[in-house]
Amino acid sequence: MIISDLKHFEQERHLWPAAIGRGIDYILSRNLGEAEAGRYDLEGDNGHLMFANVQEVVTRPAEEQLPESHVVYTDIQFLVSGEEKLCFYKVHPDAKLIDNKFETHDVAFYETDPAQLETGILLTPGMFAVCFPSDIHRPNCSITEASANKKIVVKVHKDLLQL
């Protein structure tokens with residue numbers, strides 16, 4: 001997982017895969033923070049290599065959000081407005097799948113495991129987290145109370161991250 005913000009983006013981008021930097025560049029150069037909710041194709045035919053989902057969501061208590069992971073796409077979760085806690089932990093053999101939609105939607109949901117120690121990241125506007133396929137993550141969690149958020153989730157295909 002990568003956690004950063006726009007203040008440090010230019011000085012850190014050389015440390016990350018190039019596709020992650022391009023994803024942030026697209027958010028900025030295409031003014032996606034001002035775009036209406038929906039899908040925006042960025043790279044590849046019909047955006048199959050990289051696309052952005054502009055979302056307007058209301059955060060909920062972490063207990064109401066299911067942990068999830070992906071196998072094909074890496075997420076860049078960029079917060080435009082509001083506040084959010086994003087919880088995560090690494091994929092492990094004992095993680096209990098409760099809804100496997102990898103084949104149809106590149107997502108699987110996991111049972112909440114009270115014994116699993118999640119790390120919580122507090123996101124404020126201009127911050128972003130990069131969730132790789134090895135990161136089980138629980139987005140859109142409220143910090144203290146429900147918050148109306150606007151966020152952009154850029155989906156980066158694994159082919160763009162190959163060395």
# chains A, B, ... in the order shown; residues from 1 in each chain; ligands from 1

$ select_by_dssp --residues "range 6-153 of chain A" --states "strand (DSSP E)" --output "ChimeraX atom specification"
/A:38-43,50-58,68-69,73-81,84-90,97-101,107-110,119-123,127-131,135-141,148-153

$ select_by_dssp --residues "range 11-142 of chain A" --states "alpha helix (DSSP H)" --output "PyMOL selection string"
chain A and resi 11-12+18-29+102-105

$ closest_residue --among "A:Ile20, A:Cys87, A:Met127, A:Met1" --to "His157 in chain A" --atoms "only C-alpha atoms"
A:Ile20

$ residues_around --residues "Lys150 in chain A" --least-positions-apart "5" --cutoff "10 Å" --atoms "only C-alpha atoms" --output "ChimeraX atom specification"
/A:33-34,36-37,54-58,78-83,125

$ residues_around --residues "Thr59 in chain A" --least-positions-apart "2" --cutoff "8 Å" --atoms "only C-alpha atoms" --output "VMD selection string"
chain A and resid 57 61 84 140 to 142 145 to 149

$ atom_distance --atom1 "CA of Asp159 in chain A" --atom2 "CA of Asp99 in chain A"
25.1 Å

$ atom_distance --atom1 "CA of Thr124 in chain A" --atom2 "CA of Ala108 in chain A"
26.2 Å

$ closest_residue --among "A:Gly23, A:Gly120, A:Pro17, A:Pro93" --to "Leu42 in chain A" --atoms "only C-alpha atoms"
A:Gly23

$ closest_residue --among "A:Ser4, A:Leu123, A:Val130, A:Ser69" --to "Phe109 in chain A" --atoms "only C-alpha atoms"
A:Ser69

$ residues_around --residues "Ala129 in chain A" --least-positions-apart "3" --cutoff "6 Å" --atoms "only C-alpha atoms" --output "count of residues only"
4

$ residues_around --residues "Asn100 in chain A" --least-positions-apart "5" --cutoff "12 Å" --atoms "only C-alpha atoms" --output "MDAnalysis selection string"
chainID A and resid 67:71 105:111
